[in-house]
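Undergrad: Provided below: protein.txt, containing compact mmCIF, C-alpha atoms and all ligand atoms.
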```txt
# COMPACT_ATOMS: atom_id res chain seq x y z
CA MET J 9 26.38 -17.57 -6.45
CA ALA J 10 26.20 -15.47 -9.59
CA SER J 11 24.55 -18.22 -11.60
CA SER J 12 21.94 -18.99 -8.90
CA THR J 13 21.10 -15.27 -8.69
CA ALA J 14 20.73 -15.19 -12.47
CA SER J 15 18.41 -18.21 -12.47
CA VAL J 16 16.29 -16.71 -9.67
CA LEU J 17 15.89 -13.53 -11.69
CA SER J 18 14.98 -15.32 -14.90
CA ARG J 19 11.83 -16.98 -13.52
CA PRO J 20 8.44 -15.52 -14.45
CA LEU J 21 6.51 -13.23 -12.09
CA GLY J 22 2.77 -13.25 -11.48
CA VAL J 23 1.18 -10.22 -9.84
CA ILE J 24 3.00 -8.03 -7.34
CA ASP J 25 0.43 -6.04 -5.38
CA LEU J 26 2.12 -2.94 -3.99
CA HIS J 27 -0.46 -2.19 -1.31
CA THR J 28 -2.59 -4.54 0.81
CA HIS J 29 -3.82 -4.36 4.40
CA PRO J 30 -4.59 -7.87 5.71
CA SER J 31 -2.78 -7.01 8.95
CA LEU J 32 -5.56 -4.53 9.81
CA LYS J 33 -7.98 -7.45 9.83
CA PHE J 34 -5.55 -9.69 11.72
CA MET J 35 -5.16 -7.05 14.41
CA LEU J 36 -8.72 -5.71 14.62
CA PHE J 37 -10.87 -8.77 13.92
CA ASP J 38 -8.55 -11.74 14.42
CA ARG J 39 -9.04 -12.85 10.80
CA LYS J 40 -6.87 -15.71 9.57
CA PHE J 41 -4.76 -15.58 6.45
CA TRP J 42 -5.25 -19.31 5.81
CA ALA J 43 -9.08 -19.27 6.16
CA LYS J 44 -11.61 -18.67 3.38
CA HIS J 45 -13.66 -15.45 3.26
CA ILE J 46 -16.53 -13.90 1.37
CA THR J 47 -15.79 -10.95 -0.89
CA PRO J 48 -18.86 -8.80 -1.55
CA SER J 49 -18.43 -5.62 -3.59
CA GLY J 50 -18.56 -2.22 -1.91
CA THR J 51 -17.45 -1.66 1.66
CA PHE J 52 -17.58 -4.73 3.88
CA PRO J 53 -14.90 -4.16 6.48
CA LEU J 54 -15.33 -7.37 8.49
CA THR J 55 -14.13 -9.73 5.78
CA LEU J 56 -10.56 -10.50 4.73
CA ARG J 57 -10.15 -10.10 0.98
CA THR J 58 -6.41 -10.68 0.92
CA ASP J 59 -6.41 -14.25 2.15
CA PHE J 60 -3.93 -16.86 0.98
CA ASP J 61 -6.33 -18.73 -1.33
CA ALA J 62 -7.61 -15.59 -3.03
CA LEU J 63 -4.04 -14.47 -3.69
CA ILE J 64 -2.99 -17.82 -5.14
CA ASP J 65 -6.18 -18.09 -7.24
CA GLY J 66 -5.50 -14.63 -8.68
CA GLY J 67 -1.94 -15.52 -9.65
CA VAL J 68 -0.41 -13.15 -7.10
CA SER J 69 3.22 -13.93 -6.33
CA ALA J 70 4.07 -11.15 -3.87
CA ILE J 71 2.25 -8.63 -1.70
CA LEU J 72 3.44 -5.62 0.19
CA CYS J 73 1.58 -6.24 3.43
CA THR J 74 1.15 -2.75 4.83
CA SER J 75 0.96 -2.14 8.57
CA TYR J 76 -1.13 0.77 9.76
CA VAL J 77 -1.54 1.77 13.39
CA LEU J 78 -4.26 4.41 13.47
CA GLU J 79 -3.06 7.94 14.28
CA LYS J 80 -4.14 9.36 17.64
CA ASP J 81 -5.96 12.14 15.71
CA TRP J 82 -8.67 9.63 14.78
CA VAL J 83 -10.18 9.67 18.27
CA GLU J 84 -10.51 13.47 18.27
CA ASP J 85 -11.79 13.63 14.72
CA VAL J 86 -14.24 10.71 14.85
CA TRP J 87 -16.03 10.86 18.19
CA PRO J 88 -17.76 7.42 18.01
CA LEU J 89 -14.27 5.89 18.27
CA LYS J 90 -14.18 7.00 21.93
CA PHE J 91 -16.95 4.47 22.54
CA ALA J 92 -15.75 1.91 20.01
CA LYS J 93 -12.37 1.64 21.68
CA LYS J 94 -14.09 0.86 24.97
CA LEU J 95 -16.07 -1.91 23.28
CA SER J 96 -13.15 -3.38 21.36
CA LYS J 97 -10.08 -4.16 23.44
CA ARG J 98 -8.14 -4.70 20.25
CA LEU J 99 -8.98 -1.21 18.93
CA GLY J 100 -8.33 0.36 22.34
CA ARG J 101 -4.92 -1.25 22.47
CA ILE J 102 -4.02 0.11 19.03
CA LEU J 103 -5.22 3.64 19.81
CA ASP J 104 -3.79 3.89 23.33
CA ASN J 105 -0.25 2.65 22.78
CA PRO J 106 2.80 4.23 21.12
CA PRO J 107 2.60 3.70 17.33
CA ASP J 108 6.17 2.39 17.05
CA MET J 109 5.50 -0.30 19.63
CA MET J 110 2.18 -1.24 18.01
CA ALA J 111 3.76 -1.30 14.53
CA HIS J 112 6.08 -4.08 15.72
CA GLU J 113 2.99 -5.97 16.93
CA TYR J 114 1.50 -5.62 13.44
CA LEU J 115 4.70 -7.00 11.93
CA ASP J 116 4.59 -9.84 14.48
CA SER J 117 0.98 -10.61 13.50
CA ILE J 118 1.90 -10.89 9.83
CA GLU J 119 4.84 -13.17 10.52
CA ARG J 120 2.64 -15.30 12.80
CA GLN J 121 -0.05 -15.65 10.11
CA VAL J 122 2.54 -16.68 7.54
CA ARG J 123 3.88 -19.25 10.00
CA GLU J 124 0.39 -20.61 10.70
CA THR J 125 -0.38 -20.82 6.97
CA ARG J 126 2.83 -22.83 6.47
CA GLU J 127 1.85 -25.14 9.32
CA LYS J 128 -1.53 -25.78 7.72
CA ARG J 129 -0.61 -25.75 4.04
CA GLY J 130 3.07 -26.59 3.86
CA ASP J 131 5.93 -24.74 2.19
CA VAL J 132 3.72 -22.37 0.15
CA VAL J 133 4.35 -18.90 1.53
CA GLU J 134 7.31 -17.08 3.07
CA MET J 135 8.25 -13.68 4.42
CA ALA J 136 10.79 -11.95 2.16
CA GLY J 137 13.43 -9.90 3.95
CA SER J 138 15.24 -8.73 0.82
CA TYR J 139 14.69 -8.30 -2.89
CA LEU J 140 16.63 -11.43 -3.82
CA GLU J 141 14.80 -13.41 -1.18
CA MET J 142 11.51 -12.26 -2.74
CA ARG J 143 12.66 -13.42 -6.17
CA ARG J 144 13.85 -16.75 -4.74
CA ILE J 145 10.44 -17.34 -3.07
CA ILE J 146 8.56 -16.43 -6.25
CA GLY J 147 10.91 -18.61 -8.27
CA GLU J 148 10.03 -21.56 -6.04
CA GLY J 149 6.35 -21.04 -6.86
CA LYS J 150 5.43 -19.65 -3.43
CA LEU J 151 3.81 -16.46 -2.27
CA ALA J 152 6.23 -13.81 -0.97
CA VAL J 153 4.99 -11.51 1.79
CA LEU J 154 6.84 -8.22 2.29
CA HIS J 155 6.56 -5.79 5.18
CA ALA J 156 5.55 -2.19 4.47
CA ILE J 157 4.38 0.67 6.70
CA GLU J 158 1.82 3.42 6.07
CA GLY J 159 2.58 6.73 7.78
CA ALA J 160 5.75 8.22 9.30
CA HIS J 161 3.86 8.61 12.59
CA HIS J 162 4.93 4.99 13.22
CA LEU J 163 8.44 6.30 13.91
CA ASN J 164 7.12 8.32 16.85
CA GLY J 165 9.52 11.14 15.94
CA ASP J 166 12.60 8.92 16.27
CA LEU J 167 14.69 8.27 13.16
CA ASP J 168 16.35 5.29 14.85
CA ASN J 169 12.97 3.58 14.53
CA LEU J 170 13.40 3.70 10.75
CA ASP J 171 16.52 1.56 11.01
CA ARG J 172 14.73 -0.82 13.36
CA PHE J 173 11.89 -1.30 10.86
CA PHE J 174 14.36 -1.62 8.03
CA ARG J 175 16.25 -4.34 9.86
CA ARG J 176 12.93 -6.20 10.31
CA GLY J 177 12.53 -6.26 6.54
CA VAL J 178 10.27 -3.25 5.91
CA CYS J 179 10.82 -2.48 2.23
CA GLN J 180 8.65 0.62 1.79
CA MET J 181 7.03 3.40 3.78
CA ILE J 182 4.25 5.76 2.80
CA VAL J 183 5.39 8.97 4.47
CA PRO J 184 2.21 11.01 5.09
CA HIS J 185 -1.06 9.21 5.74
CA MET J 186 -4.50 10.16 7.08
CA TYR J 187 -3.40 13.07 9.31
CA PRO J 188 -0.43 15.46 9.16
CA ASN J 189 2.60 13.91 10.89
CA GLU J 190 6.13 14.92 11.92
CA ALA J 191 7.34 14.42 8.34
CA GLY J 192 4.76 16.39 6.42
CA HIS J 193 1.27 17.15 5.30
CA CYS J 194 -1.42 15.05 3.70
CA VAL J 195 -4.56 15.57 1.70
CA ASN J 196 -7.96 14.54 3.00
CA ALA J 197 -8.42 10.90 2.03
CA ILE J 198 -11.80 10.19 3.63
CA PRO J 199 -14.46 9.78 0.93
CA THR J 200 -16.88 12.69 0.78
CA ASN J 201 -19.81 10.24 1.09
CA GLN J 202 -18.49 8.59 4.26
CA PRO J 203 -21.65 8.17 6.41
CA LEU J 204 -19.91 9.33 9.62
CA ARG J 205 -19.57 12.81 8.12
CA LYS J 206 -23.30 13.22 8.77
CA LEU J 207 -22.55 12.72 12.46
CA GLY J 208 -20.08 15.62 12.52
CA CYS J 209 -16.93 13.53 12.07
CA PHE J 210 -13.89 14.28 9.89
CA LYS J 211 -13.52 17.97 10.63
CA GLU J 212 -9.73 17.83 10.85
CA PRO J 213 -8.48 20.76 8.77
CA PHE J 214 -5.85 19.95 6.16
CA ASP J 215 -3.36 22.50 4.90
CA VAL J 216 -3.06 21.56 1.25
CA ASN J 217 -0.39 24.23 0.68
CA ALA J 218 1.99 22.81 3.29
CA GLY J 219 4.59 20.22 2.30
CA ILE J 220 7.49 18.40 3.86
CA THR J 221 9.04 19.40 7.22
CA GLU J 222 12.76 19.62 7.99
CA TRP J 223 12.48 16.35 9.89
CA GLY J 224 10.65 14.87 6.92
CA ARG J 225 13.59 15.83 4.68
CA GLU J 226 15.98 14.11 7.02
CA LEU J 227 13.75 11.03 7.03
CA VAL J 228 13.29 10.84 3.26
CA ASN J 229 17.03 11.29 2.64
CA ARG J 230 17.72 8.54 5.15
CA MET J 231 15.24 6.27 3.33
CA PHE J 232 16.99 6.96 0.01
CA GLU J 233 20.31 6.32 1.70
CA ILE J 234 19.53 2.96 3.35
CA GLY J 235 17.23 1.78 0.56
CA MET J 236 13.66 1.84 1.81
CA LEU J 237 11.20 2.68 -0.96
CA VAL J 238 9.71 6.16 -0.57
CA ASP J 239 5.98 6.26 -1.24
CA ILE J 240 4.28 9.66 -1.60
CA THR J 241 0.64 8.50 -1.73
CA HIS J 242 -1.50 10.69 0.56
CA GLY J 243 0.93 13.65 0.52
CA THR J 244 -0.14 17.16 -0.45
CA LEU J 245 0.82 18.35 -3.92
CA PRO J 246 3.75 20.41 -2.52
CA PHE J 247 4.88 17.39 -0.46
CA ARG J 248 4.82 15.08 -3.46
CA LYS J 249 6.79 17.51 -5.62
CA GLN J 250 9.35 18.20 -2.89
CA VAL J 251 10.07 14.49 -2.45
CA ILE J 252 10.41 13.97 -6.19
CA GLU J 253 12.88 16.90 -6.32
CA MET J 254 14.81 15.34 -3.42
CA ALA J 255 15.02 12.04 -5.33
CA ARG J 256 16.38 13.90 -8.35
CA ALA J 257 19.01 15.62 -6.20
CA HIS J 258 20.05 12.47 -4.32
CA PRO J 259 23.37 10.88 -5.38
CA LYS J 260 21.78 7.40 -5.49
CA LYS J 261 19.14 6.93 -8.17
CA ARG J 262 16.02 6.06 -6.21
CA PRO J 263 12.52 5.58 -7.63
CA VAL J 264 9.64 7.44 -5.96
CA ILE J 265 6.32 5.65 -6.01
CA VAL J 266 2.61 6.17 -5.49
CA SER J 267 1.58 2.69 -4.40
CA HIS J 268 -2.21 3.08 -4.46
CA ALA J 269 -4.21 5.74 -6.31
CA GLY J 270 -6.55 6.50 -9.17
CA LEU J 271 -5.72 9.18 -11.71
CA TYR J 272 -6.69 12.84 -11.54
CA LYS J 273 -7.72 12.57 -15.20
CA PHE J 274 -10.70 10.32 -14.35
CA CYS J 275 -11.20 11.21 -10.71
CA PRO J 276 -10.11 14.77 -9.89
CA VAL J 277 -9.50 14.49 -6.15
CA PRO J 278 -6.33 15.83 -4.48
CA VAL J 279 -4.97 12.38 -3.58
CA ASN J 280 -4.76 11.31 -7.25
CA PRO J 281 -1.67 12.18 -9.30
CA ASN J 282 -2.12 14.58 -12.22
CA ASP J 283 -0.37 14.32 -15.59
CA GLU J 284 2.62 16.44 -14.57
CA GLU J 285 3.18 14.17 -11.56
CA ILE J 286 2.85 11.01 -13.66
CA ARG J 287 5.70 12.32 -15.81
CA MET J 288 7.78 13.34 -12.78
CA ILE J 289 7.31 9.95 -11.06
CA ALA J 290 8.18 8.13 -14.29
CA ASP J 291 11.31 10.30 -14.46
CA THR J 292 12.54 8.95 -11.12
CA GLY J 293 12.03 5.40 -12.41
CA GLY J 294 8.98 5.06 -10.14
CA VAL J 295 5.50 3.63 -10.62
CA ILE J 296 1.88 4.46 -9.87
CA GLY J 297 -0.11 1.53 -8.49
CA LEU J 298 -3.78 1.57 -9.51
CA LEU J 299 -6.13 0.77 -6.64
CA ALA J 300 -9.39 -1.16 -6.31
CA MET J 301 -11.54 1.60 -4.85
CA THR J 302 -14.55 3.00 -6.68
CA HIS J 303 -14.38 6.36 -4.91
CA TRP J 304 -10.88 7.19 -6.16
CA LEU J 305 -11.05 5.58 -9.59
CA VAL J 306 -13.77 7.60 -11.27
CA LYS J 307 -16.21 10.46 -10.88
CA PRO J 308 -19.13 10.10 -10.95
CA GLU J 309 -18.52 7.00 -8.85
CA LYS J 310 -19.84 3.69 -10.23
CA ARG J 311 -19.91 0.09 -9.09
CA SER J 312 -17.96 -1.63 -11.87
CA CYS J 313 -14.62 -0.06 -12.75
CA LEU J 314 -12.62 -2.44 -14.91
CA ASP J 315 -13.15 -0.16 -17.92
CA ILE J 316 -11.72 2.75 -15.92
CA VAL J 317 -8.79 0.62 -14.75
CA LEU J 318 -8.04 -0.13 -18.43
CA ALA J 319 -8.44 3.53 -19.39
CA SER J 320 -6.13 4.46 -16.50
CA VAL J 321 -3.48 2.02 -17.73
CA GLU J 322 -3.74 3.55 -21.20
CA HIS J 323 -3.50 7.07 -19.81
CA LEU J 324 -0.46 6.18 -17.69
CA ILE J 325 1.24 4.77 -20.79
CA ASN J 326 0.40 7.82 -22.89
CA VAL J 327 1.63 10.30 -20.29
CA GLY J 328 4.42 8.49 -18.43
CA GLY J 329 5.29 5.50 -20.59
CA GLU J 330 4.69 1.81 -19.98
CA ASP J 331 7.27 1.57 -17.19
CA VAL J 332 5.11 3.64 -14.82
CA VAL J 333 2.12 1.24 -14.66
CA ALA J 334 1.63 -0.91 -11.56
CA PHE J 335 -1.09 -2.18 -9.21
CA GLY J 336 -1.64 -1.54 -5.51
CA SER J 337 -5.15 -2.70 -4.65
CA ASP J 338 -5.50 -1.37 -1.08
CA PHE J 339 -7.60 -4.48 -0.35
CA ASP J 340 -8.59 -4.67 3.33
CA GLY J 341 -7.86 -0.97 3.81
CA PHE J 342 -11.54 -0.25 4.61
CA THR J 343 -12.12 0.71 0.98
CA GLY J 344 -15.23 0.29 -1.17
CA VAL J 345 -14.19 -2.11 -3.92
CA PRO J 346 -15.56 -2.35 -7.49
CA SER J 347 -17.96 -5.19 -8.33
CA ASP J 348 -15.53 -6.48 -10.99
CA TRP J 349 -12.33 -6.24 -8.88
CA ARG J 350 -13.33 -7.22 -5.37
CA SER J 351 -10.57 -9.55 -4.31
CA PRO J 352 -7.12 -10.65 -5.46
CA ARG J 353 -8.94 -13.42 -7.39
CA ASP J 354 -10.14 -10.75 -9.82
CA TYR J 355 -6.58 -10.15 -10.97
CA ASN J 356 -7.59 -12.90 -13.43
CA ARG J 357 -10.21 -10.56 -14.91
CA VAL J 358 -7.77 -7.65 -14.94
CA ARG J 359 -5.13 -9.79 -16.68
CA GLU J 360 -7.62 -11.10 -19.23
CA ALA J 361 -8.86 -7.61 -20.04
CA LEU J 362 -5.31 -6.28 -20.39
CA LEU J 363 -4.31 -9.16 -22.68
CA LYS J 364 -7.04 -8.13 -25.15
CA LYS J 365 -5.23 -4.83 -25.63
CA TYR J 366 -1.55 -5.37 -24.87
CA THR J 367 1.11 -8.01 -25.49
CA ALA J 368 1.90 -10.64 -22.83
CA THR J 369 5.24 -8.90 -22.21
CA GLN J 370 3.53 -5.56 -21.58
CA VAL J 371 0.91 -7.12 -19.30
CA GLU J 372 3.61 -8.83 -17.25
CA LYS J 373 5.28 -5.44 -16.83
CA PHE J 374 2.07 -3.78 -15.60
CA LEU J 375 1.11 -6.56 -13.19
CA SER J 376 4.54 -7.25 -11.75
CA GLY J 377 7.58 -6.31 -13.84
CA ASN J 378 7.50 -2.60 -13.04
CA ALA J 379 6.80 -3.26 -9.34
CA ASP J 380 9.67 -5.73 -9.35
CA ARG J 381 11.95 -3.06 -10.87
CA VAL J 382 11.18 -0.45 -8.19
CA LEU J 383 11.82 -3.03 -5.46
CA ARG J 384 15.11 -3.94 -7.13
CA GLU J 385 16.15 -0.28 -7.46
CA GLY J 386 14.70 1.13 -4.27
CA TRP J 387 15.02 -1.58 -1.65
CA ALA J 388 18.43 -1.79 -0.02
CA LYS J 389 20.55 -1.47 -3.12
CA SER J 390 23.71 0.39 -2.11
ZN ZN J 401 -3.52 4.53 1.88
```
Go through the file and emit its structure as structure tokens.
Ligand SMILES: [Zn+2]
TA:
Amino acid sequence: MASSTASVLSRPLGVIDLHTHPSLKFMLFDRKFWAKHITPSGTFPLTLRTDFDALIDGGVSAILCTSYVLEKDWVEDVWPLKFAKKLSKRLGRILDNPPDMMAHEYLDSIERQVRETREKRGDVVEMAGSYLEMRRIIGEGKLAVLHAIEGAHHLNGDLDNLDRFFRRGVCQMIVPHMYPNEAGHCVNAIPTNQPLRKLGCFKEPFDVNAGITEWGRELVNRMFEIGMLVDITHGTLPFRKQVIEMARAHPKKRPVIVSHAGLYKFCPVPVNPNDEEIRMIADTGGVIGLLAMTHWLVKPEKRSCLDIVLASVEHLINVGGEDVVAFGSDFDGFTGVPSDWRSPRDYNRVREALLKKYTATQVEKFLSGNADRVLREGWAKS
């Protein structure tokens, strides 16, 4: 057993993408993981960027496939959704049902798509229910798909739901998301140029001075305890600091991560970590995953962003050290993507650009090694 574990761990990694949303497209538009899709730059919500072929072409070996059932607040905050949910049965079903129940349907949809892909393509992709299983799948040259969840609202206020998700193989949860939830407060993450703003949408007030709730503390401690990675992307500044302090105080050493963000240095918006936070996250052994979204990578916004991605890697290294660098594209999360990083295939460009500046060992760390470490340290290790 020991020797097979050692051989699994010695095999090379490709890219581990810490944040992808194909399940949104499975659930909303019935897109298929095994089919081919177009990948224009900018926002093009109907396509599926994270399809199997694009992942394999880009050298991706594992994805955190993040489930997101829209919060009920969306319907109040974005009035056209009242009509949209009448037109789309799929959307109506997501918005009208309890989030914990729907989250399990998302997880079902991912497992079904992986099954279908295996039926069509053979033994090329598998769900990973544990860290070692992920490494075994990667070692066998297949794509590993991991469950993750975005927003503590999926628990519907019931901590027992956390254990249920954990038992289904959920490795990571982003605690706050688009609207404040039972666990804590979030920053506004809707781009300022979102066209629906002109129609009076996105008025939901956000209290940027509020942080974690008592229930949120219970939840985060439970996540540290059982070994589900705690992700603070989307939290307010006080929330993010409180969780990092909780990780420091916890008897088990658990990394805290930001799975998908730009950096405050190049794009000063509240969702992006500043230098002090980069250091604090690095201190917990955590990572910051850089995302493929023009609006959060740089201000003023521009279409091609690979230069900013490289500058962000350099800045992360300078401030937090090379163990803090990771990638979490947020592909298929209704984001506007850069022209030079528009699908997982473009990890080839990212890799090539990184190799001009860093050694192969460093590049492997940025694209997968550091992500692999936080999964090893934060997912179910007692
Ligand atoms: Zn997000």
Undergrad: Contacts of range 96-99 of chain J at 12 Å or less, counting all atoms listed in the file, minus same-chain residues fewer than 2 places along, as a PDB file with C-alpha atoms, in the frame of the given file?
TA:
```pdb
ATOM      1  CA  LEU J  32      -5.560  -4.530   9.810  1.00  0.00           C
ATOM      2  CA  LYS J  33      -7.980  -7.450   9.830  1.00  0.00           C
ATOM      3  CA  PHE J  34      -5.550  -9.690  11.720  1.00  0.00           C
ATOM      4  CA  MET J  35      -5.160  -7.050  14.410  1.00  0.00           C
ATOM      5  CA  LEU J  36      -8.720  -5.710  14.620  1.00  0.00           C
ATOM      6  CA  PHE J  37     -10.870  -8.770  13.920  1.00  0.00           C
ATOM      7  CA  ASP J  38      -8.550 -11.740  14.420  1.00  0.00           C
ATOM      8  CA  VAL J  77      -1.540   1.770  13.390  1.00  0.00           C
ATOM      9  CA  LEU J  78      -4.260   4.410  13.470  1.00  0.00           C
ATOM     10  CA  GLU J  79      -3.060   7.940  14.280  1.00  0.00           C
ATOM     11  CA  LYS J  80      -4.140   9.360  17.640  1.00  0.00           C
ATOM     12  CA  TRP J  82      -8.670   9.630  14.780  1.00  0.00           C
ATOM     13  CA  VAL J  83     -10.180   9.670  18.270  1.00  0.00           C
ATOM     14  CA  LEU J  89     -14.270   5.890  18.270  1.00  0.00           C
ATOM     15  CA  LYS J  90     -14.180   7.000  21.930  1.00  0.00           C
ATOM     16  CA  PHE J  91     -16.950   4.470  22.540  1.00  0.00           C
ATOM     17  CA  ALA J  92     -15.750   1.910  20.010  1.00  0.00           C
ATOM     18  CA  LYS J  93     -12.370   1.640  21.680  1.00  0.00           C
ATOM     19  CA  LYS J  94     -14.090   0.860  24.970  1.00  0.00           C
ATOM     20  CA  ARG J 101      -4.920  -1.250  22.470  1.00  0.00           C
ATOM     21  CA  ILE J 102      -4.020   0.110  19.030  1.00  0.00           C
ATOM     22  CA  LEU J 103      -5.220   3.640  19.810  1.00  0.00           C
ATOM     23  CA  ASP J 104      -3.790   3.890  23.330  1.00  0.00           C
ATOM     24  CA  ASN J 105      -0.250   2.650  22.780  1.00  0.00           C
ATOM     25  CA  MET J 110       2.180  -1.240  18.010  1.00  0.00           C
ATOM     26  CA  GLU J 113       2.990  -5.970  16.930  1.00  0.00           C
ATOM     27  CA  TYR J 114       1.500  -5.620  13.440  1.00  0.00           C
TER      28      TYR J 114
END
```
Undergrad: Taking only C-alpha atoms and all ligand atoms into account, report as a PyMOL selection string which residues have an atom no farther than 10 Å from an atom of ligand ZN 401 (chain J).
TA: chain J and resi 27-29+74+76+158-159+182+184-186+197+240-242+266-269+279+299+336-338+341-343
Undergrad: Give me the residues within 7 Å of Val153 in chain J as number ranges by chain, counting only C-alpha atoms and dropping any in the same chain fewer than 4 places off.
TA: J: 70-73, 134-136
Undergrad: What gap, in Å, lies between CA of Phe41 in chain J and CA of Arg353 in chain J?
TA: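 For CA of Phe41 in chain J relative to CA of Arg353 in chain J, the distance reads 14.6 Å.
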Undergrad: Quick one: distance from CA of Thr244 in chain J to CA of Asn229 in chain J in Å, one decimal?
TA: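 It comes out at 18.4 Å.
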Undergrad: So which one's closest to Val264 in chain J, J:Lys40, J:Arg359, J:Arg381, J:His112? Using all atoms listed in the file, please.
TA: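 Among the listed residues, the smallest separation from Val264 in chain J belongs to J:Arg381.
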Undergrad: For each of J:Thr369, J:Thr302, J:Ser138, J:Asn164, take the minimum atom-to-atom distance to Asp331 in chain J, counting only C-alpha atoms, then give the residue where this is smallest.
TA: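 Smallest distance to Asp331 in chain J is found for J:Thr369.
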Undergrad: Quick one: of J:Asp61, J:Asp116, J:Asp85, J:Glu190, who's nearest to Arg129 in chain J, counting only C-alpha atoms?
TA: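 Selected residue with least distance to Arg129 in chain J: J:Asp61.
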Undergrad: Quick one: contact table of range 320-359 of chain J to range 285-298 of chain J, 12 Å max, nearest atom pair and distance in Å to one decimal per residue, counting all atoms listed in the file, chain and number order, as CSV?
TA:
```
residue,atom,partner,partner_atom,distance
J:Ser320,CA,J:Leu298,CA,7.9
J:Val321,CA,J:Leu298,CA,8.2
J:Glu322,CA,J:Leu298,CA,11.9
J:His323,CA,J:Ile286,CA,9.7
J:Leu324,CA,J:Ile286,CA,7.1
J:Ile325,CA,J:Ile286,CA,9.6
J:Asn326,CA,J:Arg287,CA,9.9
J:Val327,CA,J:Arg287,CA,6.4
J:Gly328,CA,J:Arg287,CA,4.8
J:Gly329,CA,J:Ala290,CA,7.4
J:Glu330,CA,J:Ala290,CA,9.2
J:Asp331,CA,J:Val295,CA,7.1
J:Val332,CA,J:Val295,CA,4.2
J:Val333,CA,J:Ile296,CA,5.8
J:Ala334,CA,J:Gly297,CA,4.3
J:Phe335,CA,J:Gly297,CA,3.9
J:Gly336,CA,J:Gly297,CA,4.5
J:Ser337,CA,J:Leu298,CA,6.6
J:Asp338,CA,J:Leu298,CA,9.1
J:Phe339,CA,J:Leu298,CA,11.6
J:Trp349,CA,J:Leu298,CA,11.6
J:Val358,CA,J:Leu298,CA,11.4
```
Undergrad: Counting all atoms listed in the file, what is within 10 Å of Gly22 in chain J, bar same-chain residues fewer than 5 positions away, as a list of chain:residue names?
TA: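 The neighbour list is J:Ile64, J:Gly66, J:Gly67, J:Val68, J:Ser69, J:Ala70, J:Ile146, J:Gly149, J:Leu151, J:Tyr355, J:Glu372, J:Lys373, J:Leu375, J:Ser376, J:Gly377.
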Undergrad: Determine the nearest neighbour of Lys206 in chain J from the options J:Val23, J:Leu95, J:Val86, J:Ile145, counting only C-alpha atoms.
TA: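 Nearest candidate to Lys206 in chain J out of J:Val23, J:Leu95, J:Val86, J:Ile145: J:Val86.
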Undergrad: My list of candidates is J:Ala111, J:Glu385, J:Pro188, J:Val122. Which is closest to Leu163 in chain J when distances are computed with all atoms listed in the file?
TA: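 Smallest distance to Leu163 in chain J is found for J:Ala111.
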Undergrad: Please measure the separation of CA of Met301 in chain J and CA of Ile157 in chain J, giving the value in Å to one decimal.
TA: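 Result for CA of Met301 in chain J versus CA of Ile157 in chain J: 19.7 Å, one decimal.
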Undergrad: Residues at most 10 Å from Arg172 in chain J, counting only C-alpha atoms, excluding those fewer than 4 positions away in the same chain, as a CSV table (one decimal) with C-alpha atoms, in the frame of the given file?
TA:
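Produced file part-v9.csv, reproduced below:
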```csv
chain,number,residue,atom,x,y,z
J,108,ASP,CA,6.2,2.4,17.0
J,112,HIS,CA,6.1,-4.1,15.7
J,163,LEU,CA,8.4,6.3,13.9
J,167,LEU,CA,14.7,8.3,13.2
J,168,ASP,CA,16.4,5.3,14.8
J,176,ARG,CA,12.9,-6.2,10.3
J,177,GLY,CA,12.5,-6.3,6.5
J,178,VAL,CA,10.3,-3.2,5.9
```
Undergrad: Hey, what's within 10 Å of Asp166 in chain J if we count all atoms listed in the file and toss same-chain stuff fewer than 3 positions away? As a ChimeraX atom specification, please?
TA: /J:108,160-163,169-171,190,223,227
Undergrad: Produce a file of the selected residues containing C-alpha atoms, as a tab-separated table (two decimals), keeping the file's coordinate frame.
TA:
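Done, and the output landed in selection_17.tsv:
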```
chain	number	residue	atom	x	y	z
J	108	ASP	CA	6.17	2.39	17.05
J	160	ALA	CA	5.75	8.22	9.30
J	161	HIS	CA	3.86	8.61	12.59
J	162	HIS	CA	4.93	4.99	13.22
J	163	LEU	CA	8.44	6.30	13.91
J	169	ASN	CA	12.97	3.58	14.53
J	170	LEU	CA	13.40	3.70	10.75
J	171	ASP	CA	16.52	1.56	11.01
J	190	GLU	CA	6.13	14.92	11.92
J	223	TRP	CA	12.48	16.35	9.89
J	227	LEU	CA	13.75	11.03	7.03
```
Undergrad: Which of these residues is nearest to Ile198 in chain J, using all atoms listed in the file: J:Gly344, J:Asp25, J:Leu56, J:Glu127?
TA: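 Looking at the shortest contact to Ile198 in chain J, the residue is J:Gly344.
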Undergrad: Name the residues, using the chain letters and numbers of the file, that sit within 9 Å of (17.9, 2.0, -3.5) when counting only C-alpha atoms, and give them as a ChimeraX atom specification.
TA: /J:231-237,260-263,382-390
Undergrad: Around range 256-273 of chain J, fit a box with edges along x, y and z, padding it by 4 Å on each side, then list its centre and edge lengths in Å to one decimal as JSON.
TA:
```
{"center_x": 7.8, "center_y": 9.2, "center_z": -9.8, "size_x": 39.1, "size_y": 20.9, "size_z": 18.9}
```
